[in-house]
$ cat my_file.cif   # mmCIF, N, CA and C atoms, pLDDT in the B column; chains and numbers go by the auth columns
data_coords
#
loop_
_atom_site.group_PDB
_atom_site.id
_atom_site.type_symbol
_atom_site.label_atom_id
_atom_site.label_comp_id
_atom_site.label_asym_id
_atom_site.label_seq_id
_atom_site.Cartn_x
_atom_site.Cartn_y
_atom_site.Cartn_z
_atom_site.B_iso_or_equiv
_atom_site.auth_seq_id
_atom_site.auth_asym_id
ATOM 1 N N GLU A 1 0.834 -1.203 0.000 90.00 1 R
ATOM 2 C CA GLU A 1 0.000 0.000 0.000 90.00 1 R
ATOM 3 C C GLU A 1 0.872 1.259 0.000 90.00 1 R
ATOM 4 N N TYR A 2 1.860 1.282 0.867 95.00 2 R
ATOM 5 C CA TYR A 2 2.695 2.487 0.971 95.00 2 R
ATOM 6 C C TYR A 2 3.429 2.753 -0.331 95.00 2 R
ATOM 7 N N ILE A 3 3.920 1.672 -0.954 96.00 3 R
ATOM 8 C CA ILE A 3 4.646 1.849 -2.223 96.00 3 R
ATOM 9 C C ILE A 3 3.705 2.429 -3.271 96.00 3 R
ATOM 10 N N ARG A 4 2.474 1.934 -3.286 97.00 4 R
ATOM 11 C CA ARG A 4 1.497 2.437 -4.253 97.00 4 R
ATOM 12 C C ARG A 4 1.265 3.932 -4.025 97.00 4 R
ATOM 13 N N PHE A 5 1.145 4.313 -2.757 96.00 5 R
ATOM 14 C CA PHE A 5 0.956 5.729 -2.424 96.00 5 R
ATOM 15 C C PHE A 5 2.137 6.555 -2.918 96.00 5 R
ATOM 16 N N LEU A 6 3.344 6.039 -2.736 97.00 6 R
ATOM 17 C CA LEU A 6 4.537 6.757 -3.196 97.00 6 R
ATOM 18 C C LEU A 6 4.515 6.910 -4.707 97.00 6 R
ATOM 19 N N GLN A 7 4.117 5.857 -5.408 97.00 7 R
ATOM 20 C CA GLN A 7 4.070 5.930 -6.866 97.00 7 R
ATOM 21 C C GLN A 7 3.065 6.990 -7.305 97.00 7 R
ATOM 22 N N GLN A 8 1.917 7.040 -6.656 97.00 8 R
ATOM 23 C CA GLN A 8 0.904 8.030 -7.019 97.00 8 R
ATOM 24 C C GLN A 8 1.423 9.445 -6.782 97.00 8 R
ATOM 25 N N SER A 9 2.033 9.675 -5.624 98.00 9 R
ATOM 26 C CA SER A 9 2.550 11.013 -5.319 98.00 9 R
ATOM 27 C C SER A 9 3.666 11.369 -6.290 98.00 9 R
ATOM 28 N N ASN A 10 4.458 10.390 -6.706 98.00 10 R
ATOM 29 C CA ASN A 10 5.538 10.640 -7.654 98.00 10 R
ATOM 30 C C ASN A 10 4.954 11.076 -8.989 98.00 10 R
ATOM 31 N N GLN A 11 3.881 10.433 -9.424 98.00 11 R
ATOM 32 C CA GLN A 11 3.245 10.817 -10.684 98.00 11 R
ATOM 33 C C GLN A 11 2.718 12.239 -10.586 98.00 11 R
ATOM 34 N N LYS A 12 2.108 12.580 -9.455 98.00 12 R
ATOM 35 C CA LYS A 12 1.594 13.940 -9.268 98.00 12 R
ATOM 36 C C LYS A 12 2.734 14.944 -9.364 98.00 12 R
ATOM 37 N N LEU A 13 3.862 14.632 -8.721 98.00 13 R
ATOM 38 C CA LEU A 13 5.004 15.540 -8.759 98.00 13 R
ATOM 39 C C LEU A 13 5.494 15.716 -10.190 98.00 13 R
ATOM 40 N N LYS A 14 5.553 14.627 -10.952 98.00 14 R
ATOM 41 C CA LYS A 14 6.013 14.709 -12.343 98.00 14 R
ATOM 42 C C LYS A 14 5.084 15.611 -13.147 98.00 14 R
ATOM 43 N N GLN A 15 3.772 15.463 -12.946 98.00 15 R
ATOM 44 C CA GLN A 15 2.810 16.285 -13.677 98.00 15 R
ATOM 45 C C GLN A 15 2.983 17.754 -13.300 98.00 15 R
ATOM 46 N N GLU A 16 3.125 18.035 -12.007 98.00 16 R
ATOM 47 C CA GLU A 16 3.311 19.419 -11.567 98.00 16 R
ATOM 48 C C GLU A 16 4.592 19.991 -12.150 98.00 16 R
ATOM 49 N N ASN A 17 5.649 19.181 -12.177 98.00 17 R
ATOM 50 C CA ASN A 17 6.925 19.627 -12.717 98.00 17 R
ATOM 51 C C ASN A 17 6.769 19.978 -14.189 98.00 17 R
ATOM 52 N N LEU A 18 6.044 19.148 -14.935 97.00 18 R
ATOM 53 C CA LEU A 18 5.832 19.410 -16.362 97.00 18 R
ATOM 54 C C LEU A 18 5.076 20.723 -16.543 97.00 18 R
ATOM 55 N N SER A 19 4.018 20.940 -15.776 97.00 19 R
ATOM 56 C CA SER A 19 3.243 22.172 -15.909 97.00 19 R
ATOM 57 C C SER A 19 4.101 23.377 -15.546 97.00 19 R
ATOM 58 N N LEU A 20 4.966 23.230 -14.541 96.00 20 R
ATOM 59 C CA LEU A 20 5.850 24.334 -14.166 96.00 20 R
ATOM 60 C C LEU A 20 6.805 24.653 -15.306 96.00 20 R
ATOM 61 N N ARG A 21 7.370 23.612 -15.934 96.00 21 R
ATOM 62 C CA ARG A 21 8.289 23.832 -17.055 96.00 21 R
ATOM 63 C C ARG A 21 7.573 24.554 -18.190 96.00 21 R
ATOM 64 N N MET A 22 6.345 24.152 -18.471 96.00 22 R
ATOM 65 C CA MET A 22 5.580 24.792 -19.543 96.00 22 R
ATOM 66 C C MET A 22 5.375 26.271 -19.215 96.00 22 R
ATOM 67 N N ALA A 23 5.039 26.569 -17.972 95.00 23 R
ATOM 68 C CA ALA A 23 4.822 27.957 -17.567 95.00 23 R
ATOM 69 C C ALA A 23 6.108 28.753 -17.721 95.00 23 R
ATOM 70 N N VAL A 24 7.239 28.166 -17.355 94.00 24 R
ATOM 71 C CA VAL A 24 8.527 28.858 -17.479 94.00 24 R
ATOM 72 C C VAL A 24 8.830 29.129 -18.944 94.00 24 R
ATOM 73 N N GLN A 25 8.594 28.146 -19.793 93.00 25 R
ATOM 74 C CA GLN A 25 8.860 28.332 -21.217 93.00 25 R
ATOM 75 C C GLN A 25 7.977 29.445 -21.772 93.00 25 R
ATOM 76 N N LYS A 26 6.709 29.473 -21.375 91.00 26 R
ATOM 77 C CA LYS A 26 5.798 30.516 -21.853 91.00 26 R
ATOM 78 C C LYS A 26 6.290 31.886 -21.408 91.00 26 R
ATOM 79 N N SER A 27 6.695 32.006 -20.145 90.00 27 R
ATOM 80 C CA SER A 27 7.155 33.305 -19.639 90.00 27 R
ATOM 81 C C SER A 27 8.438 33.720 -20.352 90.00 27 R
ATOM 82 N N LYS A 28 9.294 32.756 -20.700 86.00 28 R
ATOM 83 C CA LYS A 28 10.536 33.086 -21.403 86.00 28 R
ATOM 84 C C LYS A 28 10.238 33.595 -22.805 86.00 28 R
ATOM 85 N N SER A 29 9.238 33.002 -23.467 82.00 29 R
ATOM 86 C CA SER A 29 8.936 33.376 -24.847 82.00 29 R
ATOM 87 C C SER A 29 8.291 34.757 -24.901 82.00 29 R
ATOM 88 N N LEU A 30 7.674 35.195 -23.820 74.00 30 R
ATOM 89 C CA LEU A 30 7.008 36.505 -23.829 74.00 30 R
ATOM 90 C C LEU A 30 8.009 37.647 -23.918 74.00 30 R
#

$ encode --input "my_file.cif" --output "structure tokens"
Amino acid sequence: EYIRFLQQSNQKLKQENLSLRMAVQKSKSL
């Protein structure tokens, strides 16, 4: 169970990281 929870939180972190990178790229292009 705990490992599954870690995997889920890791996926969430990856998604947040991707959205942050996209936001940074957008701000750089402006």

$ atom_distance --input "my_file.cif" --atom1 "atom C of Ala23 (chain R)" --atom2 "atom N of Gln8 (chain R)"
24.7 Å

$ atom_distance --input "my_file.cif" --atom1 "atom N of Gln15 (chain R)" --atom2 "atom N of Ser27 (chain R)"
18.3 Å

$ axis_aligned_box --input "my_file.cif" --around "region 9-22 of chain R" --padding-each-side "8 Å" --output "AutoDock Vina command-line options"
--center_x 4.9 --center_y 18.0 --center_z -12.4 --size_x 22.7 --size_y 32.6 --size_z 30.2

$ atom_distance --input "my_file.cif" --atom1 "atom N of Arg4 (chain R)" --atom2 "atom N of Asn17 (chain R)"
19.7 Å
